[in-house]
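Right, one structure below, let's go through it.
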Amino acid sequence: MTQIAMPIVVTLLAVVFAVAMQRIGPQTGATWPQRAPFLGGGQPETHAWQRFHVRYYPMTLLFIAFEMEMMFMYPWAVVYVETGLTALAEMGMFLGILSVGILYGWREGVFRWQ
């Protein structure tokens, strides 16, 4: 019985709340500046779907590589105390793989800002 009643109750509550918002909610005839989303006090200069310049993507990938290193260092330190050299070898491989990405970014000039 509850498997049938629950969707019906949820649907009825949704309809009741929607009708209540229409009747009780504020009925203002606000103009555009009052209805505009708050963006730090100014109008947006660009559209939200504007594409970013391609030079930001390598920097983002490099940032993610650094973040992944730091994110796994603390749990690795806890595991290293328990397992020893096995954890050291695994972290060495992990850092080696991420270092290849960092070296590639360095070669491509990600660290140079124009």
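Going through the structure tokens in order, the chains are called A, B, and so on, while each chain numbers its residues from 1 and the ligands are numbered from 1 in the order shown.
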
Determine which residues of chain A DSSP labels as helix (DSSP H, G or I) from the backbone of this structure, then write them out as a short mmCIF file (atom, residue, chain, number, x, y, z; two decimals) with N, CA and C atoms, in the first residue's frame.
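In the end it all went to part_10.cif:
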data_model
loop_
_atom_site.label_atom_id
_atom_site.label_comp_id
_atom_site.auth_asym_id
_atom_site.auth_seq_id
_atom_site.Cartn_x
_atom_site.Cartn_y
_atom_site.Cartn_z
N THR A 2 1.93 1.25 0.79
CA THR A 2 2.77 2.45 0.87
C THR A 2 3.53 2.71 -0.43
N GLN A 3 3.78 1.66 -1.20
CA GLN A 3 4.46 1.86 -2.47
C GLN A 3 3.60 2.63 -3.45
N ILE A 4 2.31 2.52 -3.34
CA ILE A 4 1.39 3.24 -4.21
C ILE A 4 1.08 4.62 -3.64
N ALA A 5 0.97 4.71 -2.33
CA ALA A 5 0.56 5.97 -1.68
C ALA A 5 1.67 7.02 -1.71
N MET A 6 2.90 6.61 -1.59
CA MET A 6 3.99 7.58 -1.50
C MET A 6 4.11 8.48 -2.75
N PRO A 7 4.12 7.95 -3.97
CA PRO A 7 4.18 8.84 -5.13
C PRO A 7 2.98 9.77 -5.23
N ILE A 8 1.81 9.28 -4.82
CA ILE A 8 0.61 10.11 -4.87
C ILE A 8 0.73 11.26 -3.87
N VAL A 9 1.19 10.97 -2.66
CA VAL A 9 1.35 12.01 -1.63
C VAL A 9 2.39 13.03 -2.06
N VAL A 10 3.50 12.58 -2.62
CA VAL A 10 4.55 13.49 -3.06
C VAL A 10 4.04 14.39 -4.18
N THR A 11 3.31 13.83 -5.12
CA THR A 11 2.77 14.63 -6.22
C THR A 11 1.77 15.65 -5.70
N LEU A 12 0.89 15.25 -4.80
CA LEU A 12 -0.08 16.18 -4.23
C LEU A 12 0.61 17.31 -3.46
N LEU A 13 1.65 16.98 -2.69
CA LEU A 13 2.39 18.02 -1.97
C LEU A 13 3.05 19.00 -2.94
N ALA A 14 3.61 18.49 -4.02
CA ALA A 14 4.24 19.37 -5.00
C ALA A 14 3.22 20.32 -5.60
N VAL A 15 2.04 19.82 -5.92
CA VAL A 15 0.99 20.67 -6.49
C VAL A 15 0.52 21.69 -5.47
N VAL A 16 0.33 21.27 -4.22
CA VAL A 16 -0.11 22.19 -3.17
C VAL A 16 0.92 23.30 -2.96
N PHE A 17 2.19 22.95 -2.90
CA PHE A 17 3.24 23.95 -2.70
C PHE A 17 3.32 24.91 -3.89
N ALA A 18 3.17 24.40 -5.10
CA ALA A 18 3.22 25.27 -6.28
C ALA A 18 2.06 26.25 -6.29
N VAL A 19 0.87 25.78 -5.95
CA VAL A 19 -0.29 26.67 -5.89
C VAL A 19 -0.14 27.68 -4.77
N ALA A 20 0.38 27.24 -3.63
CA ALA A 20 0.58 28.16 -2.50
C ALA A 20 1.59 29.25 -2.86
N MET A 21 2.63 28.92 -3.58
CA MET A 21 3.60 29.93 -3.99
C MET A 21 2.98 30.95 -4.93
N GLN A 22 2.09 30.49 -5.80
CA GLN A 22 1.42 31.41 -6.72
C GLN A 22 0.50 32.37 -5.97
N ARG A 23 -0.18 31.86 -4.96
CA ARG A 23 -1.16 32.68 -4.24
C ARG A 23 -0.52 33.53 -3.13
N ILE A 24 0.40 32.96 -2.37
CA ILE A 24 0.96 33.64 -1.21
C ILE A 24 2.20 34.44 -1.56
N TRP A 32 13.41 45.26 -14.94
CA TRP A 32 14.57 44.42 -15.23
C TRP A 32 15.72 44.60 -14.24
N PRO A 33 16.14 45.78 -13.87
CA PRO A 33 17.27 45.85 -12.93
C PRO A 33 16.99 45.17 -11.60
N GLN A 34 15.76 45.12 -11.17
CA GLN A 34 15.45 44.45 -9.91
C GLN A 34 15.41 42.94 -10.07
N ARG A 35 15.10 42.45 -11.25
CA ARG A 35 15.04 41.01 -11.48
C ARG A 35 16.36 40.43 -11.96
N TYR A 56 44.65 28.43 -21.45
CA TYR A 56 44.32 28.13 -20.07
C TYR A 56 44.19 26.63 -19.81
N TYR A 57 43.94 25.84 -20.83
CA TYR A 57 43.76 24.42 -20.63
C TYR A 57 45.04 23.70 -20.19
N PRO A 58 46.21 23.95 -20.80
CA PRO A 58 47.41 23.29 -20.28
C PRO A 58 47.72 23.68 -18.84
N MET A 59 47.48 24.94 -18.49
CA MET A 59 47.71 25.35 -17.11
C MET A 59 46.76 24.63 -16.17
N THR A 60 45.53 24.42 -16.61
CA THR A 60 44.57 23.70 -15.79
C THR A 60 45.00 22.25 -15.59
N LEU A 61 45.46 21.61 -16.65
CA LEU A 61 45.92 20.24 -16.53
C LEU A 61 47.13 20.14 -15.60
N LEU A 62 48.00 21.12 -15.67
CA LEU A 62 49.16 21.14 -14.79
C LEU A 62 48.74 21.33 -13.34
N PHE A 63 47.78 22.21 -13.11
CA PHE A 63 47.26 22.41 -11.76
C PHE A 63 46.66 21.12 -11.22
N ILE A 64 45.92 20.39 -12.06
CA ILE A 64 45.33 19.14 -11.62
C ILE A 64 46.42 18.13 -11.28
N ALA A 65 47.51 18.12 -12.04
CA ALA A 65 48.62 17.21 -11.73
C ALA A 65 49.21 17.53 -10.36
N PHE A 66 49.44 18.81 -10.07
CA PHE A 66 49.95 19.18 -8.76
C PHE A 66 48.96 18.83 -7.66
N GLU A 67 47.69 19.06 -7.92
CA GLU A 67 46.67 18.76 -6.91
C GLU A 67 46.60 17.28 -6.63
N MET A 68 46.70 16.45 -7.66
CA MET A 68 46.64 15.02 -7.44
C MET A 68 47.82 14.55 -6.60
N GLU A 69 48.97 15.15 -6.82
CA GLU A 69 50.12 14.79 -5.99
C GLU A 69 49.85 15.10 -4.54
N MET A 70 49.39 16.30 -4.26
CA MET A 70 49.19 16.71 -2.88
C MET A 70 48.02 15.97 -2.23
N MET A 71 47.00 15.64 -3.02
CA MET A 71 45.84 14.97 -2.46
C MET A 71 46.18 13.57 -1.98
N PHE A 72 47.11 12.90 -2.64
CA PHE A 72 47.45 11.54 -2.28
C PHE A 72 48.64 11.45 -1.34
N MET A 73 49.30 12.55 -1.04
CA MET A 73 50.49 12.48 -0.19
C MET A 73 50.14 12.14 1.26
N TYR A 74 49.11 12.74 1.82
CA TYR A 74 48.78 12.46 3.22
C TYR A 74 48.33 11.02 3.43
N PRO A 75 47.36 10.51 2.65
CA PRO A 75 46.99 9.10 2.87
C PRO A 75 48.17 8.17 2.62
N TRP A 76 49.02 8.53 1.66
CA TRP A 76 50.18 7.70 1.40
C TRP A 76 51.10 7.67 2.61
N ALA A 77 51.28 8.80 3.27
CA ALA A 77 52.14 8.85 4.45
C ALA A 77 51.60 7.94 5.55
N VAL A 78 50.30 7.88 5.69
CA VAL A 78 49.70 7.01 6.70
C VAL A 78 49.93 5.54 6.33
N VAL A 79 49.77 5.21 5.06
CA VAL A 79 49.97 3.83 4.62
C VAL A 79 51.44 3.46 4.66
N TYR A 80 52.33 4.42 4.39
CA TYR A 80 53.77 4.15 4.38
C TYR A 80 54.24 3.67 5.75
N VAL A 81 53.67 4.20 6.80
CA VAL A 81 54.05 3.79 8.14
C VAL A 81 53.72 2.31 8.33
N GLU A 82 52.64 1.85 7.75
CA GLU A 82 52.22 0.46 7.94
C GLU A 82 52.92 -0.51 6.99
N THR A 83 53.09 -0.14 5.71
CA THR A 83 53.58 -1.11 4.72
C THR A 83 55.04 -0.95 4.36
N LEU A 85 58.36 -0.21 2.30
CA LEU A 85 58.95 0.01 0.98
C LEU A 85 57.96 -0.23 -0.17
N THR A 86 56.97 -1.07 0.02
CA THR A 86 55.97 -1.28 -1.03
C THR A 86 55.23 0.02 -1.33
N ALA A 87 54.82 0.72 -0.28
CA ALA A 87 54.13 2.01 -0.47
C ALA A 87 55.08 3.04 -1.07
N LEU A 88 56.34 2.98 -0.71
CA LEU A 88 57.33 3.92 -1.28
C LEU A 88 57.48 3.69 -2.78
N ALA A 89 57.53 2.44 -3.21
CA ALA A 89 57.65 2.14 -4.63
C ALA A 89 56.39 2.58 -5.39
N GLU A 90 55.24 2.33 -4.82
CA GLU A 90 53.99 2.72 -5.49
C GLU A 90 53.89 4.24 -5.62
N MET A 91 54.25 4.97 -4.58
CA MET A 91 54.20 6.43 -4.66
C MET A 91 55.25 6.93 -5.64
N GLY A 92 56.38 6.28 -5.71
CA GLY A 92 57.39 6.67 -6.69
C GLY A 92 56.88 6.54 -8.12
N MET A 93 56.17 5.45 -8.40
CA MET A 93 55.59 5.28 -9.74
C MET A 93 54.52 6.33 -10.01
N PHE A 94 53.69 6.60 -9.01
CA PHE A 94 52.64 7.59 -9.17
C PHE A 94 53.23 8.97 -9.44
N LEU A 95 54.22 9.36 -8.65
CA LEU A 95 54.84 10.67 -8.85
C LEU A 95 55.62 10.72 -10.16
N GLY A 96 56.18 9.59 -10.59
CA GLY A 96 56.87 9.57 -11.86
C GLY A 96 55.93 9.83 -13.03
N ILE A 97 54.76 9.21 -12.99
CA ILE A 97 53.78 9.42 -14.06
C ILE A 97 53.31 10.87 -14.08
N LEU A 98 53.02 11.44 -12.91
CA LEU A 98 52.59 12.83 -12.87
C LEU A 98 53.72 13.78 -13.25
N SER A 99 54.95 13.41 -12.93
CA SER A 99 56.09 14.25 -13.30
C SER A 99 56.26 14.33 -14.81
N VAL A 100 55.93 13.26 -15.52
CA VAL A 100 55.99 13.31 -16.98
C VAL A 100 55.04 14.38 -17.50
N GLY A 101 53.84 14.46 -16.93
CA GLY A 101 52.89 15.50 -17.33
C GLY A 101 53.40 16.90 -17.00
N ILE A 102 54.02 17.06 -15.86
CA ILE A 102 54.56 18.36 -15.47
C ILE A 102 55.71 18.75 -16.38
N LEU A 103 56.59 17.81 -16.70
CA LEU A 103 57.71 18.10 -17.60
C LEU A 103 57.20 18.45 -19.00
N TYR A 104 56.16 17.77 -19.45
CA TYR A 104 55.57 18.10 -20.74
C TYR A 104 55.02 19.52 -20.74
N GLY A 105 54.33 19.89 -19.66
CA GLY A 105 53.83 21.25 -19.55
C GLY A 105 54.94 22.27 -19.52
N TRP A 106 56.02 21.95 -18.86
CA TRP A 106 57.17 22.85 -18.80
C TRP A 106 57.76 23.02 -20.20
N ARG A 107 57.87 21.92 -20.94
CA ARG A 107 58.41 21.99 -22.29
C ARG A 107 57.51 22.81 -23.21
N GLU A 108 56.21 22.72 -23.00
CA GLU A 108 55.27 23.47 -23.83
C GLU A 108 55.17 24.94 -23.43
#

Open item on the list: Quick check, in Å to one decimal: how far apart do atom CA of Thr46 of chain A and atom CA of Trp113 of chain A lie?
Closed with: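 Distance between the two atoms: 23.0 Å.
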